[in-house]
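Peer 1: Quick one: this structure, given as structure tokens, is what I'll be asking you about.
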Amino acid sequence: MKIKIINIIAVCLCLLALGCSKESRDRAALAKSKSIQIKGSDTIVNLVQKWAEDFSAKDTSINIGITGGGSGTGFAALINGTCDIAMSSRSIEEAEIKQAGENKIFPVEYKVGLDGLMVIVNPKNPVGELTLAQVRDIFMGTTKNWKELGGPDKKIVMLSRESNSGTHMFFKEHVIRKGDKKNKDEFSPRALLMSSSQAIVNEVVGNPNAVGYVGIGYMSAALKAVAIAKKKGDKFISPDIDSVLSDKYPISRPLFLYASSKNNKLVNDFIEYSLSDEGQKTVRKLDFVPLRKL
Amino acid sequence: MLSRNFTDSLIEKLIFACGFAAIILVSLIFFFLLREGLGFFAQYNIKEFISGHFWYPTSKPAGFGILPLIMGSLFVTLGAAVIAVPVGVMAAFYISEVAPVAVRDILKSGIELLAAIPSVVIGFIGMVTLVPLVRVIFDIPTGLSAFSGALMLAFMAMPTIVSISEDAIRSVPGTYKEGALALGATKWQTMYRIILPAAAPGILAAVMLGIGRVIGETMAVMMITGNAAAIPDTIFDPVRTMTATIAAEMGETVKGSMHYKGLFAIGLVLFVITFIINFIADSFLNRVKK
């Protein structure tokens with residue numbers, strides 16, 4: 001009887017060991033094959049997908065796998081060694097660089113485009129112009145009713161992204177915390193955390209009380225983008241490609257690709273392609289803002 | 001040539017291994033949870049974890065208070081139980097005591113079909129149909145609320161509640177019923193004075209198992225409860241459950257970070273809760289057998 005139990009435990013341990021070594025095998029396979037794994041920001045997943053399609057059209061043996069999930073997800077994968085490129089709508093944090101270094105990974109940053117963040121409401125909502133301070137008050141939960149902003153007497157429903165989203169982080173740092181690193185303000189805990197930008201758009205389209213923030217690529221006729229002024233008395237600027245490129249629109253941000261190393265030729269080629277005129281035209285086509293006038 | 005004895009002992013060993021595999025897997029999972037989760041409490045006060053009001057896992061300094069998440073799970077689970085228990089138990093009575101044979105067969109297979117619907121489908125249907133409806137009917141700011149979640153989860157708990165309650169009702173000895181009817185009790189009197197008390201432990205077990213299913217449910221609640229990590233005032237407020245938090249945030253965390261361990265600590269809390277519920281359900285079921 002005793003021997004039997006020992007046998008079984010031994011088998012279990014073997015299985016466990018097999019499970020553990022899977023990770024290192026993953027990493028080895030990643031380095032060898034003619035494929036690129038890309039993970040990260042939902043904001044630019046469509047853009048990177050298009051680049052990948054055009055890039056691999058020239059050489060069909062190249063295999064590019066792309067998954068969204070949020071910028072934080074991309075960095076986590078980069079640090080854990082399960083992707084070659086992390087796409088991100090925020091810059092990498094000190095802590096993340098440190099964690100990557102501990103795993104012998106040294107990320108290389110490439111800025112590949114710009115994006116404007118628009119504050120969206122339902123077209124039925126009469127509120128169409130807000131100052132940055134008013135937007136901040138809405139998402140911190142200080143302004144609770146549309147009445148206070150000249151709208152109907154209805155409770156404001158704040159829609160935010162999950163905390164793994166680069167969009168969430170950027171909005172928190174630049175609108176809620178006003179770009180001040182020492183500021184510790186947070187989104188109101190009553191903000192609904194949605195799993196994707198599309199989910200925010202869907203809820204705003206269906207709910208006249210809702211307000212949310214998404215990249216300008218998500219603009220459609222069923223939405224209304226609020227014009228934003230930097231401070232009271234300034235001109236209200238609508239978010240579009242021109243106002244972002246000319247830096248007049250106050251909530252805009254860079255988009256990044258982070259490579260896990262400088263020495264992967266395929267990855268370098270891909271990034272070079274994204275920065276080329278052709279790649280930047282794709283940026284424009286997908287309603288993001290290219291790095292330079294084309 | 002293999003002797004019969006050898007084959008016999010080989011198969012016996014195989015069955016023994018299969019039997020123990022389940023227990024070993026459960027304990028491995030438990031130890032893994034403990035290992036990853038307990039490390040969290042070395043660095044974070046357990047009291048602050050359970051009773052903290054703010055869940056800001058990615059901020060600096062991070063807030064790991066799961067009280068809003070516990071309350072979220074509680075609101076959704078209790079709401080679902082309030083809806084699913086009366087409906088489920090009455091359905092079980094109808095199926096086992098009242099319905100003619102043909103209707104009974106249709107109902108039973110219908111309920112089994114309900115159990116087979118994947119939760120993501122239930123969540124999707126709820127998001128598209130129920131959420132806008134709830135907002136308009138109750139005139140609340142958003143339909144993404146604990147109520148919508150509870151209503152959809154009630155559908156998921158029903159199959160468990162109905163089928164186990166039905167077994168319990170059916171296992172009440174026929175002589176009880178015959179005795180009651182012979183004494184002149186009506187059908188309804190027999191049902192709620194004789195059969196219900198006799199089947200009560202089994203029905204309670206069914207309810208507990210249904211609740212166990214609801215509290216562990218993830219996908220549907222993530223899609224329709226709004227995921228706001230604030231303590232809800234009413235059932236019509238958006239809530240964030242423990243399961244949805246783990247599912248939504250696990251992908252972003254770096255292995256070994258505080259956030260990662262914190263999510264495992266939530267898993268540990270969840271494991272303890274479902275363990276207690278299953279334990280209670282089991283003890284009721286055992287009572288039925290005696």
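Each chain in the structure tokens gets a letter, A, B and so on, in the order shown; residues start at 1 in every chain, and ligands are counted from 1 in the order they appear.
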So which residues touch B:Lys108 within 12 Å, counting only C-alpha atoms, skipping near sequence neighbours fewer than 2 positions away, as a PyMOL selection string?
Peer 2: chain B and resi 91-92+94-96+99+101-106+110-115+158-160+162-164+166-167
Peer 1: So which bits of stretch 16-201 of chain A end up alpha helix (DSSP H) when you DSSP the backbone, as a PyMOL selection string?
Peer 2: chain A and resi 16-32+45-57+71-80+94-102+132-140+166-171+197-201
Peer 1: Please produce a file of the residues just selected, as a tab-separated table (two decimals), in the first residue's frame, where the atoms kept are C-alpha atoms.
Peer 2:
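What landed in out-v3.tsv:
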```
chain	number	residue	atom	x	y	z
A	16	LEU	CA	4.66	19.11	-12.19
A	17	ALA	CA	8.25	19.30	-13.42
A	18	LEU	CA	7.07	19.02	-17.02
A	19	GLY	CA	4.72	21.93	-16.44
A	20	CYS	CA	7.49	24.11	-15.04
A	21	SER	CA	9.91	23.70	-17.90
A	22	LYS	CA	7.28	24.70	-20.46
A	23	GLU	CA	8.06	28.37	-20.00
A	24	SER	CA	11.72	28.10	-20.91
A	25	ARG	CA	10.83	25.98	-23.91
A	26	ASP	CA	8.39	28.67	-25.03
A	27	ARG	CA	11.15	31.20	-24.91
A	28	ALA	CA	13.53	29.07	-26.96
A	29	ALA	CA	10.91	28.42	-29.61
A	30	LEU	CA	10.19	32.11	-29.81
A	31	ALA	CA	13.79	33.00	-30.63
A	32	LYS	CA	14.22	30.40	-33.35
A	45	VAL	CA	-4.18	46.45	-31.88
A	46	ASN	CA	-6.00	47.14	-35.16
A	47	LEU	CA	-3.19	49.35	-36.41
A	48	VAL	CA	-0.51	46.78	-35.63
A	49	GLN	CA	-2.68	44.07	-37.17
A	50	LYS	CA	-2.84	46.04	-40.43
A	51	TRP	CA	0.93	46.61	-40.40
A	52	ALA	CA	1.44	42.90	-39.82
A	53	GLU	CA	-0.80	41.97	-42.73
A	54	ASP	CA	0.97	44.34	-45.13
A	55	PHE	CA	4.40	43.38	-43.81
A	56	SER	CA	3.90	39.64	-44.12
A	57	ALA	CA	2.26	40.00	-47.55
A	71	SER	CA	-0.62	47.95	-22.43
A	72	GLY	CA	0.08	46.45	-19.00
A	73	THR	CA	-0.62	43.00	-20.39
A	74	GLY	CA	1.92	43.63	-23.15
A	75	PHE	CA	4.62	44.74	-20.71
A	76	ALA	CA	3.91	41.78	-18.45
A	77	ALA	CA	4.33	39.45	-21.43
A	78	LEU	CA	7.55	41.24	-22.47
A	79	ILE	CA	8.94	40.86	-18.95
A	80	ASN	CA	7.86	37.22	-18.71
A	94	GLU	CA	10.75	52.42	-14.11
A	95	ALA	CA	9.49	49.42	-12.15
A	96	GLU	CA	8.75	47.53	-15.35
A	97	ILE	CA	12.23	48.23	-16.77
A	98	LYS	CA	13.70	46.93	-13.52
A	99	GLN	CA	11.59	43.77	-13.56
A	100	ALA	CA	12.57	43.17	-17.18
A	101	GLY	CA	16.25	43.62	-16.29
A	102	GLU	CA	15.92	40.96	-13.60
A	132	LEU	CA	-10.18	69.85	-18.49
A	133	ALA	CA	-11.03	70.68	-14.87
A	134	GLN	CA	-14.68	69.77	-15.46
A	135	VAL	CA	-13.69	66.47	-17.08
A	136	ARG	CA	-11.48	65.78	-14.06
A	137	ASP	CA	-14.35	66.53	-11.65
A	138	ILE	CA	-16.63	64.17	-13.56
A	139	PHE	CA	-14.23	61.22	-13.40
A	140	MET	CA	-13.25	61.87	-9.79
A	166	GLY	CA	-2.65	52.24	-21.17
A	167	THR	CA	-5.59	54.50	-21.93
A	168	HIS	CA	-6.68	54.25	-18.28
A	169	MET	CA	-3.15	55.05	-17.04
A	170	PHE	CA	-2.68	57.94	-19.43
A	171	PHE	CA	-6.02	59.48	-18.56
A	197	SER	CA	-12.79	50.64	-25.62
A	198	GLN	CA	-15.50	49.11	-27.77
A	199	ALA	CA	-17.46	48.25	-24.60
A	200	ILE	CA	-17.27	51.92	-23.57
A	201	VAL	CA	-18.49	53.00	-27.01
```
Peer 1: Chain B residues within 7 Å of chain A, counting only C-alpha atoms: which ones, as a list in words?
Peer 2: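 Every residue of chain B that passes the 7 Å test is in Ala17, Thr58, Pro141, Thr142, Gly226, Asn227, Ala228, Ala229, Ala230, Glu249, Gly251, Glu252, Thr253 and Val254 of chain B.
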Peer 1: Find the spatial neighbours of A:Val127, counting only C-alpha atoms, within a cut-off of 8 Å - ignore same-chain residues fewer than 2 positions away - and output them as a PyMOL selection string.
Peer 2: chain A and resi 125+129-130+149-151+226
Peer 1: Generate the output file for the selected residues, C-alpha atoms, as a CSV table (one decimal), in the first residue's frame.
Peer 2:
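Result written to again.csv:
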```csv
chain,number,residue,atom,x,y,z
A,125,ASN,CA,-26.7,64.7,-24.2
A,129,GLU,CA,-18.1,71.6,-24.3
A,130,LEU,CA,-16.0,71.0,-21.1
A,149,LEU,CA,-22.9,71.0,-16.4
A,150,GLY,CA,-26.0,72.4,-18.1
A,151,GLY,CA,-27.5,69.0,-18.9
A,226,VAL,CA,-16.9,66.7,-26.4
```
Peer 1: Near B:Tyr176, counting only C-alpha atoms, which residues have an atom at most 9 Å away, once you skip same-chain residues fewer than 6 positions from it, shown as a list in words?
Peer 2: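 Counting only C-alpha atoms, the residues come to Thr190, Ile194, Ile195 and Ala198 of chain B.
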Peer 1: Quick check for you: according to DSSP on this backbone, which residues of stretch 59-151 of chain A are classed as strand (DSSP E or B)? Reply as a PyMOL selection string.
Peer 2: chain A and resi 63-67+85-88+108-121+129-131+145
Peer 1: So how far away is atom CA of A:Thr82 from atom CA of A:Glu272, in Å?
Peer 2: 21.9 Å
Peer 1: Mind checking which residues fall within 12 Å of B:Leu196, counting only C-alpha atoms, ignoring those fewer than 3 positions away in the same chain, and posting them as a ChimeraX atom specification?
Peer 2: /B:89-90,92-93,97,165-166,168-172,176-177,188-193,199-204
Peer 1: Please dump the current selection as an mmCIF file, in the first residue's frame; keep C-alpha atoms.
Peer 2:
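Wrote result_39.cif, looks like this:
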```cif
data_model
loop_
_atom_site.group_PDB
_atom_site.id
_atom_site.type_symbol
_atom_site.label_atom_id
_atom_site.label_comp_id
_atom_site.auth_asym_id
_atom_site.auth_seq_id
_atom_site.Cartn_x
_atom_site.Cartn_y
_atom_site.Cartn_z
ATOM 1 C CA VAL B 89 -37.892 24.840 -5.729
ATOM 2 C CA MET B 90 -41.402 25.407 -7.053
ATOM 3 C CA ALA B 92 -38.927 21.019 -8.794
ATOM 4 C CA PHE B 93 -42.250 20.445 -7.028
ATOM 5 C CA GLU B 97 -45.429 16.007 -8.076
ATOM 6 C CA SER B 165 -34.338 19.421 -5.295
ATOM 7 C CA GLU B 166 -36.273 17.142 -7.575
ATOM 8 C CA ALA B 168 -34.712 15.045 -2.905
ATOM 9 C CA ILE B 169 -38.465 15.314 -3.370
ATOM 10 C CA ARG B 170 -38.601 12.071 -5.251
ATOM 11 C CA SER B 171 -36.656 10.212 -2.570
ATOM 12 C CA VAL B 172 -39.347 10.961 0.024
ATOM 13 C CA TYR B 176 -45.646 9.364 3.541
ATOM 14 C CA LYS B 177 -47.699 10.711 0.694
ATOM 15 C CA TRP B 188 -51.290 20.994 -1.741
ATOM 16 C CA GLN B 189 -51.426 20.231 2.001
ATOM 17 C CA THR B 190 -49.514 16.999 1.385
ATOM 18 C CA MET B 191 -46.900 18.877 -0.567
ATOM 19 C CA TYR B 192 -46.081 21.620 1.882
ATOM 20 C CA ARG B 193 -46.882 19.879 5.195
ATOM 21 C CA ALA B 199 -37.204 16.749 1.574
ATOM 22 C CA ALA B 200 -35.930 19.922 3.278
ATOM 23 C CA PRO B 201 -32.316 18.840 3.849
ATOM 24 C CA GLY B 202 -31.958 17.847 0.203
ATOM 25 C CA ILE B 203 -33.530 21.089 -0.960
ATOM 26 C CA LEU B 204 -31.191 23.074 1.277
#
```
Peer 1: Neighbours of B:Phe236 within 9 Å (only C-alpha atoms; same-chain residues fewer than 6 positions away dropped), as a list of chain:residue names?
Peer 2: B:Phe138, B:Ile140, B:Thr142, B:Gly143, B:Leu144, B:Ser145, B:Ala146, B:Phe147, B:Ser148
Peer 1: Set the distance at 9 Å and use only C-alpha atoms: which residues neighbour B:Met250 once local chain neighbours fewer than 4 positions away are removed? I'd like the list as JSON, numbers by chain.
Peer 2: {"A": [73], "B": [245, 246, 254, 259, 260, 263]}
Peer 1: Generate a file of the selected residues that holds C-alpha atoms, formatted as a PDB file, in the first residue's frame.
Peer 2:
```
ATOM      1  CA  THR A  73      -0.616  42.999 -20.392  1.00  0.00           C
TER       2      THR A  73
ATOM      3  CA  THR B 245     -11.437  41.119 -10.632  1.00  0.00           C
ATOM      4  CA  ILE B 246      -9.185  38.079 -10.882  1.00  0.00           C
ATOM      5  CA  VAL B 254       3.942  40.476 -13.617  1.00  0.00           C
ATOM      6  CA  HIS B 259      -0.678  42.694  -7.602  1.00  0.00           C
ATOM      7  CA  TYR B 260      -0.185  39.086  -8.754  1.00  0.00           C
ATOM      8  CA  LEU B 263      -5.138  38.310  -6.920  1.00  0.00           C
TER       9      LEU B 263
END
```
